[in-house]
$ cat entry-v1.txt   # compact mmCIF, C-alpha atoms
# COMPACT_ATOMS: atom_id res chain seq x y z
CA MET T 1 -9.95 -36.62 58.62
CA ASN T 2 -8.01 -36.66 55.44
CA ARG T 3 -8.33 -40.11 53.95
CA LEU T 4 -5.36 -39.57 51.68
CA ALA T 5 -1.77 -39.54 52.74
CA PRO T 6 -0.45 -35.97 52.29
CA GLN T 7 2.11 -36.85 49.64
CA GLU T 8 -0.55 -38.61 47.48
CA SER T 9 -2.86 -35.57 47.32
CA ARG T 10 -0.23 -33.27 45.76
CA ALA T 11 0.20 -33.18 41.98
CA PRO T 12 3.59 -34.44 40.88
CA ALA T 13 6.13 -31.69 40.03
CA GLN T 14 6.39 -30.92 36.30
CA PRO T 15 9.47 -32.26 34.61
CA ILE T 16 11.77 -29.56 33.24
CA TRP T 17 11.00 -30.40 29.62
CA THR T 18 7.29 -30.01 30.18
CA ARG T 19 7.89 -26.51 31.48
CA VAL T 20 10.17 -25.75 28.53
CA TRP T 21 7.45 -26.85 26.10
CA THR T 22 4.83 -24.82 27.95
CA ALA T 23 7.01 -21.72 27.81
CA THR T 24 7.77 -22.35 24.14
CA GLY T 25 4.07 -22.64 23.40
CA TRP T 26 3.40 -19.36 25.23
CA ALA T 27 6.14 -17.53 23.32
CA ALA T 28 4.91 -18.90 19.99
CA ARG T 29 1.30 -17.91 20.78
CA LEU T 30 2.35 -14.40 21.71
CA CYS T 31 4.36 -13.92 18.51
CA VAL T 32 1.77 -15.37 16.16
CA GLY T 33 -1.24 -13.86 17.92
CA GLY T 34 0.43 -10.46 18.14
CA LEU T 35 1.44 -10.43 14.46
CA PHE T 36 -2.02 -11.47 13.32
CA LEU T 37 -3.61 -8.76 15.47
CA LEU T 38 -1.29 -6.20 13.83
CA ALA T 39 -2.09 -7.56 10.38
CA ALA T 40 -5.85 -7.56 10.98
CA GLY T 41 -5.84 -4.04 12.39
CA SER T 42 -3.81 -2.72 9.48
CA LYS T 43 -6.17 -4.26 6.92
CA LEU T 44 -9.25 -2.94 8.73
CA TYR T 45 -7.68 0.53 8.53
CA ASP T 46 -7.99 0.52 4.72
CA LEU T 47 -10.34 -2.21 3.50
CA PRO T 48 -10.73 -0.92 -0.09
CA ARG T 49 -6.93 -1.01 -0.48
CA PHE T 50 -6.86 -4.59 0.85
CA ALA T 51 -9.57 -5.55 -1.66
CA GLU T 52 -7.39 -4.13 -4.48
CA GLU T 53 -4.44 -6.17 -3.27
CA ILE T 54 -6.54 -9.35 -3.30
CA ARG T 55 -7.53 -8.52 -6.90
CA ALA T 56 -3.86 -7.99 -7.78
CA TYR T 57 -3.16 -11.67 -7.11
CA ARG T 58 -5.66 -12.62 -9.88
CA ILE T 59 -6.68 -15.82 -8.09
CA VAL T 60 -10.13 -15.01 -6.70
CA PRO T 61 -13.04 -13.98 -8.99
CA VAL T 62 -13.33 -10.19 -8.94
CA VAL T 63 -16.93 -10.23 -7.67
CA LEU T 64 -15.79 -12.03 -4.50
CA THR T 65 -12.83 -9.81 -3.66
CA ASN T 66 -14.67 -7.17 -1.65
CA GLY T 67 -16.39 -9.80 0.48
CA MET T 68 -13.10 -11.58 1.13
CA ALA T 69 -11.43 -8.30 2.02
CA TYR T 70 -14.13 -7.53 4.59
CA ILE T 71 -14.29 -10.98 6.21
CA LEU T 72 -10.61 -12.06 6.32
CA PRO T 73 -9.36 -9.39 8.74
CA TRP T 74 -12.17 -10.13 11.23
CA LEU T 75 -11.42 -13.85 10.97
CA GLU T 76 -7.73 -13.14 11.66
CA LEU T 77 -8.65 -10.87 14.56
CA SER T 78 -11.02 -13.42 16.13
CA ALA T 79 -8.64 -16.33 15.78
CA ALA T 80 -5.65 -14.31 17.07
CA ALA T 81 -7.63 -13.06 20.07
CA LEU T 82 -8.80 -16.59 20.92
CA LEU T 83 -5.26 -17.95 20.56
CA LEU T 84 -3.82 -15.28 22.84
CA ALA T 85 -6.58 -15.80 25.38
CA GLY T 86 -6.08 -19.56 25.30
CA VAL T 87 -9.77 -20.10 24.48
CA TRP T 88 -10.55 -22.74 21.81
CA ARG T 89 -6.83 -22.65 21.28
CA GLY T 90 -6.68 -25.63 18.93
CA GLU T 91 -9.46 -24.33 16.68
CA ALA T 92 -7.98 -20.83 16.60
CA ARG T 93 -4.59 -22.28 15.74
CA LEU T 94 -6.08 -24.40 12.96
CA ILE T 95 -7.82 -21.37 11.43
CA LEU T 96 -4.59 -19.35 11.49
CA PHE T 97 -2.64 -22.31 10.09
CA MET T 98 -5.08 -22.66 7.17
CA LEU T 99 -4.94 -18.91 6.53
CA MET T 100 -1.13 -19.03 6.49
CA VAL T 101 -1.15 -21.94 4.03
CA ILE T 102 -3.54 -20.00 1.74
CA PHE T 103 -1.45 -16.80 1.99
CA THR T 104 1.75 -18.74 1.28
CA VAL T 105 0.29 -20.48 -1.77
CA ALA T 106 -0.94 -17.09 -3.04
CA LYS T 107 2.48 -15.55 -2.51
CA VAL T 108 4.26 -18.39 -4.30
CA TRP T 109 1.77 -18.01 -7.17
CA ALA T 110 2.52 -14.26 -7.35
CA GLU T 111 6.28 -14.85 -7.33
CA LEU T 112 6.04 -17.49 -10.08
CA LYS T 113 3.86 -15.18 -12.18
CA GLY T 114 6.28 -12.32 -11.63
CA LEU T 115 3.54 -10.13 -10.20
CA ARG T 116 5.01 -7.10 -8.48
CA ILE T 117 2.61 -6.50 -5.64
CA ASP T 118 2.80 -5.70 -1.99
CA CYS T 119 1.51 -8.79 -0.27
CA GLY T 120 -1.21 -6.82 1.48
CA CYS T 121 -0.41 -8.68 4.66
CA PHE T 122 0.10 -5.69 6.89
CA GLY T 123 -1.72 -3.00 4.97
CA HIS T 124 -0.05 0.39 4.89
CA LEU T 125 -0.17 1.40 8.52
CA TRP T 126 3.29 0.04 9.19
CA PRO T 127 5.51 0.47 6.10
CA TRP T 128 8.40 -1.34 7.77
CA LEU T 129 6.24 -4.47 8.14
CA THR T 130 5.10 -4.15 4.53
CA GLU T 131 8.76 -4.01 3.48
CA ALA T 132 9.51 -7.12 5.55
CA THR T 133 6.86 -9.10 3.63
CA ARG T 134 7.78 -8.01 0.13
CA GLY T 135 9.03 -10.60 -2.34
CA PRO T 136 10.83 -13.73 -1.09
CA LYS T 137 11.19 -12.18 2.38
CA GLY T 138 7.45 -12.64 2.76
CA LEU T 139 7.81 -16.37 2.14
CA VAL T 140 10.46 -16.61 4.84
CA LEU T 141 8.18 -14.80 7.28
CA ASN T 142 5.27 -17.08 6.35
CA ALA T 143 7.43 -20.14 6.96
CA ALA T 144 8.46 -18.74 10.35
CA LEU T 145 4.82 -18.16 11.31
CA LEU T 146 3.86 -21.69 10.27
CA GLY T 147 6.75 -22.96 12.37
CA LEU T 148 5.54 -20.93 15.36
CA LEU T 149 2.05 -22.38 15.01
CA ILE T 150 3.54 -25.88 15.03
CA LEU T 151 5.58 -24.95 18.11
CA ASP T 152 2.40 -23.75 19.81
CA PHE T 153 0.77 -27.09 19.02
CA LEU T 154 3.74 -28.98 20.44
CA GLY T 155 3.87 -26.64 23.42
CA GLU T 156 0.24 -27.38 24.21
CA SER T 157 0.38 -31.13 23.66
CA ARG T 158 3.71 -31.72 25.42
CA GLY T 159 3.32 -29.08 28.08
CA ARG T 160 0.25 -30.50 29.77
CA ARG T 161 0.57 -31.25 33.45
CA PRO T 162 0.58 -34.97 34.15
CA ALA T 163 -2.79 -35.99 35.64
CA CYS T 164 -2.90 -36.22 39.42
CA ARG T 165 -4.51 -39.58 39.89
CA ALA T 166 -5.08 -38.96 43.53
CA CYS T 167 -6.78 -35.60 43.03
CA ALA T 168 -10.34 -36.69 42.30
CA MET G 1 -19.98 -35.24 20.25
CA THR G 2 -16.58 -36.37 18.98
CA ALA G 3 -13.55 -34.10 19.20
CA ILE G 4 -13.58 -33.55 15.43
CA THR G 5 -17.27 -32.60 15.41
CA ARG G 6 -16.72 -30.26 18.33
CA ALA G 7 -13.73 -28.61 16.62
CA ALA G 8 -15.67 -28.25 13.34
CA SER G 9 -18.60 -26.66 15.17
CA ARG G 10 -16.34 -24.20 16.93
CA ILE G 11 -14.55 -23.27 13.69
CA ALA G 12 -17.90 -22.79 11.94
CA LEU G 13 -19.05 -20.57 14.81
CA ILE G 14 -15.86 -18.44 14.65
CA VAL G 15 -16.26 -18.03 10.88
CA ALA G 16 -19.97 -17.20 11.21
CA VAL G 17 -19.38 -14.61 13.93
CA SER G 18 -16.51 -13.06 11.93
CA THR G 19 -18.73 -12.86 8.84
CA GLY G 20 -21.53 -11.25 10.83
CA VAL G 21 -19.21 -8.67 12.35
CA ALA G 22 -17.69 -8.00 8.91
CA ALA G 23 -21.16 -7.42 7.44
CA GLY G 24 -22.04 -4.99 10.21
CA TYR G 25 -18.71 -3.16 9.92
CA ALA G 26 -19.08 -2.83 6.15
CA ALA G 27 -22.64 -1.53 6.57
CA VAL G 28 -21.52 1.08 9.12
CA ARG G 29 -18.60 2.18 6.88
CA GLY G 30 -20.84 2.19 3.80
CA LEU G 31 -18.55 -0.19 1.91
CA PRO G 32 -19.99 -1.93 -1.18
CA TRP G 33 -19.97 -5.72 -1.37
CA MET G 34 -19.91 -5.62 -5.16
CA PRO G 35 -16.76 -4.07 -6.64
CA ASP G 36 -17.03 -1.33 -9.28
CA LEU G 37 -16.39 -3.63 -12.26
CA GLU G 38 -16.11 -0.75 -14.76
CA ALA G 39 -13.45 1.03 -12.73
CA ILE G 40 -11.61 -2.25 -12.28
CA ARG G 41 -11.75 -2.94 -16.02
CA LYS G 42 -10.29 0.52 -16.78
CA LYS G 43 -7.58 0.04 -14.19
CA GLU G 44 -6.67 -3.36 -15.61
CA GLU G 45 -6.48 -1.89 -19.12
CA ARG G 46 -4.16 0.78 -17.80
CA GLN G 47 -2.05 -1.80 -16.01
CA GLU G 48 -1.94 -3.97 -19.13
CA ARG G 49 -0.62 -1.00 -21.12
CA VAL G 50 2.03 -0.54 -18.45
CA ARG G 51 2.98 -4.21 -18.52
CA GLN G 52 3.41 -4.14 -22.28
CA ARG G 53 5.65 -1.10 -22.13
CA SER G 54 7.25 -1.47 -18.72
CA GLN G 55 10.69 -2.57 -19.88
CA GLU G 56 10.85 0.08 -22.57
CA ILE G 57 9.64 2.83 -20.22
CA ARG G 58 12.10 1.89 -17.50
CA ALA G 59 15.04 1.72 -19.88
CA ARG G 60 14.19 4.97 -21.65
CA HIS G 61 12.93 7.13 -18.81
CA GLY G 62 14.64 5.84 -15.66
CA VAL G 63 17.14 8.17 -13.95
CA THR G 64 19.76 7.52 -11.31
CA LEU G 65 19.88 9.27 -7.95
CA GLU G 66 22.51 11.73 -9.19
CA GLU G 67 20.47 12.54 -12.29
CA PHE G 68 17.40 12.96 -10.08
CA LYS G 69 19.22 15.43 -7.82
CA GLN G 70 20.48 17.34 -10.85
CA LEU G 71 16.99 17.58 -12.34
CA ILE G 72 15.66 18.84 -9.01
CA SER G 73 18.35 21.52 -8.83
CA GLN G 74 17.49 22.56 -12.40
CA GLY G 75 13.90 23.20 -11.37
CA ALA G 76 12.18 20.20 -12.96
CA ILE G 77 8.55 19.59 -12.03
CA ILE G 78 8.35 16.68 -9.58
CA MET G 79 5.23 14.51 -9.52
CA ASP G 80 4.47 11.91 -6.85
CA ALA G 81 2.24 9.17 -8.29
CA ARG G 82 1.35 7.53 -4.97
CA PRO G 83 -2.11 7.60 -3.38
CA ALA G 84 -3.03 10.83 -1.60
CA GLU G 85 -2.88 9.41 1.93
CA GLU G 86 0.68 8.17 1.36
CA PHE G 87 1.65 11.55 -0.11
CA GLU G 88 0.23 13.34 2.92
CA ARG G 89 2.20 11.12 5.29
CA GLY G 90 5.43 12.08 3.58
CA HIS G 91 6.88 13.21 0.24
CA LEU G 92 9.95 14.84 -1.25
CA ALA G 93 10.52 18.48 -0.29
CA ILE G 94 11.95 20.85 -2.91
CA GLU G 95 12.73 24.55 -2.85
CA SER G 96 11.58 25.41 -6.37
CA TYR G 97 8.06 26.30 -7.42
CA PRO G 98 5.66 24.62 -7.91
CA PRO G 99 6.18 22.19 -5.02
CA VAL G 100 6.03 18.42 -5.48
CA LEU G 101 2.65 17.57 -6.99
CA ASN G 102 0.55 14.54 -6.08
CA VAL G 103 -0.85 13.12 -9.32
CA GLU G 104 -2.47 9.68 -9.15
CA PRO G 105 -2.68 8.02 -12.59
CA GLU G 106 -6.46 7.57 -12.48
CA LYS G 107 -6.95 11.25 -11.57
CA VAL G 108 -4.93 12.82 -14.39
CA LEU G 109 -7.99 13.89 -16.38
CA ALA G 110 -9.58 15.44 -13.30
CA GLN G 111 -6.42 17.52 -12.80
CA ALA G 112 -5.99 18.46 -16.47
CA ASN G 113 -6.52 22.18 -15.78
CA ARG G 114 -3.44 22.55 -13.63
CA LEU G 115 -1.35 19.87 -15.37
CA LEU G 116 -1.67 21.37 -18.85
CA GLN G 117 0.05 24.51 -17.52
CA LEU G 118 3.17 22.38 -17.16
CA LEU G 119 3.41 21.35 -20.82
CA GLY G 120 6.91 21.68 -22.19
CA GLN G 121 8.65 21.63 -18.82
CA PRO G 122 10.97 18.84 -17.68
CA ILE G 123 9.09 16.48 -15.36
CA VAL G 124 10.28 13.74 -13.03
CA LEU G 125 7.89 11.13 -11.65
CA TYR G 126 8.28 8.79 -8.70
CA CYS G 127 6.15 6.35 -6.74
CA THR G 128 6.85 3.96 -3.87
CA SER G 129 9.74 1.76 -4.93
CA GLU G 130 11.36 -0.19 -7.78
CA ASP G 131 8.41 -2.59 -7.69
CA CYS G 132 5.82 0.14 -7.99
CA GLU G 133 4.31 0.75 -11.43
CA LEU G 134 2.29 3.86 -10.63
CA ALA G 135 4.92 6.20 -12.10
CA GLU G 136 4.83 4.26 -15.37
CA GLU G 137 1.02 4.42 -15.38
CA LEU G 138 1.25 8.16 -14.78
CA LEU G 139 3.67 8.59 -17.67
CA ILE G 140 1.26 6.82 -20.03
CA GLU G 141 -1.65 8.97 -18.80
CA LEU G 142 0.43 12.16 -19.29
CA GLU G 143 1.28 11.04 -22.82
CA ALA G 144 -2.46 10.71 -23.49
CA LEU G 145 -2.79 14.30 -22.24
CA GLN G 146 -0.34 15.41 -24.99
CA PHE G 147 2.73 15.64 -22.78
CA ASP G 148 5.94 14.94 -24.69
CA PRO G 149 7.40 11.72 -23.24
CA ASN G 150 10.87 13.08 -23.97
CA ASP G 151 10.25 15.67 -21.25
CA ILE G 152 9.43 13.02 -18.64
CA ARG G 153 11.78 10.98 -16.47
CA ILE G 154 11.13 8.45 -13.69
CA PHE G 155 13.12 8.06 -10.51
CA LEU G 156 12.58 4.31 -10.19
CA PRO G 157 13.75 3.80 -6.56
CA GLY G 158 10.87 6.12 -5.64
CA TRP G 159 9.94 7.17 -2.11
CA GLU G 160 12.06 4.42 -0.60
CA GLY G 161 15.04 5.64 -2.60
CA ILE G 162 14.39 9.20 -1.45
CA LEU G 163 14.39 8.10 2.18
CA ALA G 164 17.47 5.93 1.71
CA ALA G 165 19.38 8.82 0.11
CA GLY G 166 18.42 11.18 2.94
CA LEU G 167 16.81 13.71 0.61
CA PRO G 168 14.69 16.39 2.36
CA THR G 169 11.09 15.38 2.97
CA THR G 170 7.94 16.97 4.27
CA SER G 171 4.31 16.03 4.85
CA GLY G 172 0.91 17.45 4.05
CA ALA G 173 -1.55 17.52 1.19
CA ASP G 174 -0.96 18.86 -2.33
CA THR G 175 -2.71 22.24 -2.49
CA TRP G 176 -1.19 23.69 -5.69
CA THR G 177 -3.98 24.70 -8.07
CA GLY G 178 -1.96 26.26 -10.85
CA TYR G 179 0.13 29.25 -11.83
CA GLU G 180 -2.80 31.62 -11.32
CA GLU G 181 -1.64 31.67 -7.71
CA LEU G 182 1.06 34.09 -8.87
CA ASN G 183 -1.56 36.60 -10.16
CA GLY G 184 -1.30 35.32 -13.69
CA ALA G 185 2.48 35.35 -13.81
CA ALA G 186 4.25 32.23 -14.96
CA PRO G 187 7.81 31.13 -15.36
CA ALA G 188 9.38 32.43 -18.52
CA GLY G 189 9.12 30.02 -21.39
CA LEU G 190 5.81 28.57 -20.35
CA ILE G 191 3.39 31.33 -21.32
CA ASP G 192 4.35 33.98 -23.89
CA GLU G 193 4.99 37.34 -22.24
CA GLU G 194 2.64 40.12 -23.25
CA PRO G 195 4.24 42.00 -26.14
CA ALA G 196 5.50 45.49 -25.33
CA VAL G 197 3.29 48.32 -26.49
CA GLU G 198 4.15 48.95 -30.12
CA VAL G 199 5.54 52.36 -30.97
CA ARG G 200 4.36 53.18 -34.48
CA GLU G 201 6.15 55.67 -36.67
CA PRO G 202 3.63 58.28 -37.88
CA PRO G 203 3.17 58.50 -41.61
CA GLU G 204 5.29 61.15 -43.24
CA GLY G 205 3.85 64.62 -43.03
CA THR G 206 1.57 64.05 -40.09
CA SER G 207 2.06 64.81 -36.39
CA PRO G 208 2.54 61.93 -34.01
CA SER G 209 -0.62 60.64 -32.31
CA SER G 210 -0.78 61.08 -28.53
CA ASP G 211 -3.55 58.68 -27.60
CA GLU G 212 -2.08 55.36 -28.64
CA GLY G 213 0.14 54.70 -25.68
CA THR G 214 3.26 56.07 -27.23
CA GLY G 215 4.45 57.04 -23.83
CA GLU G 216 6.74 59.86 -23.15
CA ALA G 217 7.99 59.99 -26.73
CA GLY G 218 5.06 61.83 -28.14
CA GLY G 219 4.31 65.38 -27.25
CA GLY G 220 0.88 66.33 -26.05
CA ARG G 221 -1.50 68.34 -28.12
$ encode --input "entry-v1.txt" --output "structure tokens"
Amino acid sequence: MNRLAPQESRAPAQPIWTRVWTATGWAARLCVGGLFLLAAGSKLYDLPRFAEEIRAYRIVPVVLTNGMAYILPWLELSAAALLLAGVWRGEARLILFMLMVIFTVAKVWAELKGLRIDCGCFGHLWPWLTEATRGPKGLVLNAALLGLLILDFLGESRGRRPACRACA
Amino acid sequence: MTAITRAASRIALIVAVSTGVAAGYAAVRGLPWMPDLEAIRKKEERQERVRQRSQEIRARHGVTLEEFKQLISQGAIIMDARPAEEFERGHLAIESYPPVLNVEPEKVLAQANRLLQLLGQPIVLYCTSEDCELAEELLIELEALQFDPNDIRIFLPGWEGILAAGLPTTSGADTWTGYEELNGAAPAGLIDEEPAVEVREPPEGTSPSSDEGTGEAGGGR
């Protein structure tokens, strides 16, 4: 015999705004995760070229540039895959957020120094993406990606189903 | 375990796994962890020379699209300064000979044999775009190889300008090894033509010689 009245055992219906936030979070995750997968794959295609582009920024000591060039794409790939899969979503998002902050600071530094370099973000597999990240356009794209990561955070925190107190 | 500790542990694990995979991938690909500092130093010296002369080079050697097209139609030598893999993916197509050459600045000395055959000819360089400095680096390297800078121009919009203007393009590697491909022949003006066989007037009172290549003029003995 069911000890609970039928209506108390069902989870309450999600309010419309919760569903909107959930959908927004999904869309943001797909965009950010997809772009980072593209970026990681493109860098892995030509790691020595990516190492040269890190050196072009003149921020990191030269002896560390190869190591950074080898590790960064795998870090992007792992975090993007975890974000898309929804596994350790918060940690993956935090890693990508920190990477975006670092890339943005580096890009602002390059612009202020007047360094004429491809950002190295998308390697050379997709020239149209490289063009989209050149110069100030790259800063706009970075800002958009940071915004999407924030949207994903909001989508996760505001899109959670309300707890079903009766469903023990 | 608090939420912060848990998050930090997970982040550390992601970073550690990524580093491990990166190390394995680099080992499989045979990539060095320590950069070639000597090569980097030489490249930075080259880039510093470019930076010091960039404005002057661009002002003095830059050509517009119309000037570029005119130089192509006049048979100027075209050199693409971009890396080989970018050249192979796509480059300008011209009808004259030699075809567009792929000359990376750091490989000029290695290609000296074929490049020195082009001394004295008008040359136009290009690389990726207005932001690219490879064409300027190449100009400086060609100057060091005794090319006259007055013979060299740079199409600054580069490959992107070529695409935007709809100029003909093609793909494939640069296989031109030099004018010896034409069995030793070369365009006029580059290598002096062999002088015609000299017809010598015999000294007075003697009969003309018949064994010195005097052709049909001399009678046989």
$ closest_atom_pairs --input "entry-v1.txt" --of "chain G" --to "chain T" --cutoff "8 Å" --atoms "only C-alpha atoms" --output "CSV"
residue,atom,partner,partner_atom,distance
G:Ala7,CA,T:Glu91,CA,6.0
G:Arg10,CA,T:Glu91,CA,6.9
G:Ile11,CA,T:Glu91,CA,6.0
G:Ile14,CA,T:Ser78,CA,7.1
G:Val15,CA,T:Leu75,CA,6.4
G:Ser18,CA,T:Leu75,CA,5.2
G:Thr19,CA,T:Ile71,CA,5.5
G:Val21,CA,T:Trp74,CA,7.3
G:Ala22,CA,T:Ile71,CA,5.3
G:Ala23,CA,T:Tyr70,CA,7.6
G:Ala26,CA,T:Tyr70,CA,7.0
G:Pro32,CA,T:Asn66,CA,7.5
G:Trp33,CA,T:Asn66,CA,5.5
G:Met34,CA,T:Val63,CA,6.0
G:Pro35,CA,T:Asn66,CA,6.2
G:Leu37,CA,T:Val62,CA,8.0
G:Asp131,CA,T:Arg116,CA,5.7
G:Cys132,CA,T:Arg116,CA,7.3
$ atom_distance --input "entry-v1.txt" --atom1 "CA of Tyr45 in chain T" --atom2 "CA of Val28 in chain G"
13.9 Å
$ closest_residue --input "entry-v1.txt" --among "T:Met100, T:Ala85, T:Ala27, T:Ile59" --to "Leu141 in chain T" --atoms "all atoms listed in the file"
T:Met100
$ residues_around --input "entry-v1.txt" --residues "Leu35 in chain T" --least-positions-apart "2" --cutoff "10 Å" --atoms "all atoms listed in the file" --output "PDB file with C-alpha atoms, keeping the file's coordinate frame"
ATOM      1  CA  ARG T  29       1.300 -17.910  20.780  1.00  0.00           C
ATOM      2  CA  LEU T  30       2.350 -14.400  21.710  1.00  0.00           C
ATOM      3  CA  CYS T  31       4.360 -13.920  18.510  1.00  0.00           C
ATOM      4  CA  VAL T  32       1.770 -15.370  16.160  1.00  0.00           C
ATOM      5  CA  GLY T  33      -1.240 -13.860  17.920  1.00  0.00           C
ATOM      6  CA  LEU T  37      -3.610  -8.760  15.470  1.00  0.00           C
ATOM      7  CA  LEU T  38      -1.290  -6.200  13.830  1.00  0.00           C
ATOM      8  CA  ALA T  39      -2.090  -7.560  10.380  1.00  0.00           C
ATOM      9  CA  ALA T  40      -5.850  -7.560  10.980  1.00  0.00           C
ATOM     10  CA  GLY T  41      -5.840  -4.040  12.390  1.00  0.00           C
ATOM     11  CA  GLU T  76      -7.730 -13.140  11.660  1.00  0.00           C
ATOM     12  CA  ALA T  80      -5.650 -14.310  17.070  1.00  0.00           C
ATOM     13  CA  PHE T 122       0.100  -5.690   6.890  1.00  0.00           C
ATOM     14  CA  LEU T 129       6.240  -4.470   8.140  1.00  0.00           C
ATOM     15  CA  LEU T 145       4.820 -18.160  11.310  1.00  0.00           C
TER      16      LEU T 145
END
$ closest_residue --input "entry-v1.txt" --among "G:Glu130, G:Glu45, G:Glu143, G:Glu67" --to "Glu160 in chain G" --atoms "only C-alpha atoms"
G:Glu130
$ atom_distance --input "entry-v1.txt" --atom1 "CA of Glu106 in chain G" --atom2 "CA of Glu141 in chain G"
8.1 Å
$ residues_around --input "entry-v1.txt" --residues "Arg93 in chain T" --least-positions-apart "5" --cutoff "8 Å" --atoms "all atoms listed in the file" --output "PyMOL selection string"
chain T and resi 79+83+149+153
$ atom_distance --input "entry-v1.txt" --atom1 "CA of Leu84 in chain T" --atom2 "CA of Ala3 in chain G"
21.5 Å
$ residues_around --input "entry-v1.txt" --residues "range 62-66 of chain G" --least-positions-apart "4" --cutoff "7 Å" --atoms "only C-alpha atoms" --output "list in words"
Arg58, Gln70, Arg153, Ile154, Phe155 and Leu156 of chain G
$ residues_near_point --input "entry-v1.txt" --point "(-1.1, 19.4, 7.3)" --cutoff "12 Å" --atoms "all atoms listed in the file" --output "VMD selection string"
chain G and resid 85 87 to 90 170 to 175
$ residues_around --input "entry-v1.txt" --residues "Ala76 in chain G" --least-positions-apart "3" --cutoff "8 Å" --atoms "all atoms listed in the file" --output "list in words"
Leu71, Ile72, Ser73, Gln121, Pro122, Ile123 and Val124 of chain G
$ closest_residue --input "entry-v1.txt" --among "G:Gly166, G:Gly20, G:Gly158, G:Gly75" --to "Leu134 in chain G" --atoms "only C-alpha atoms"
G:Gly158
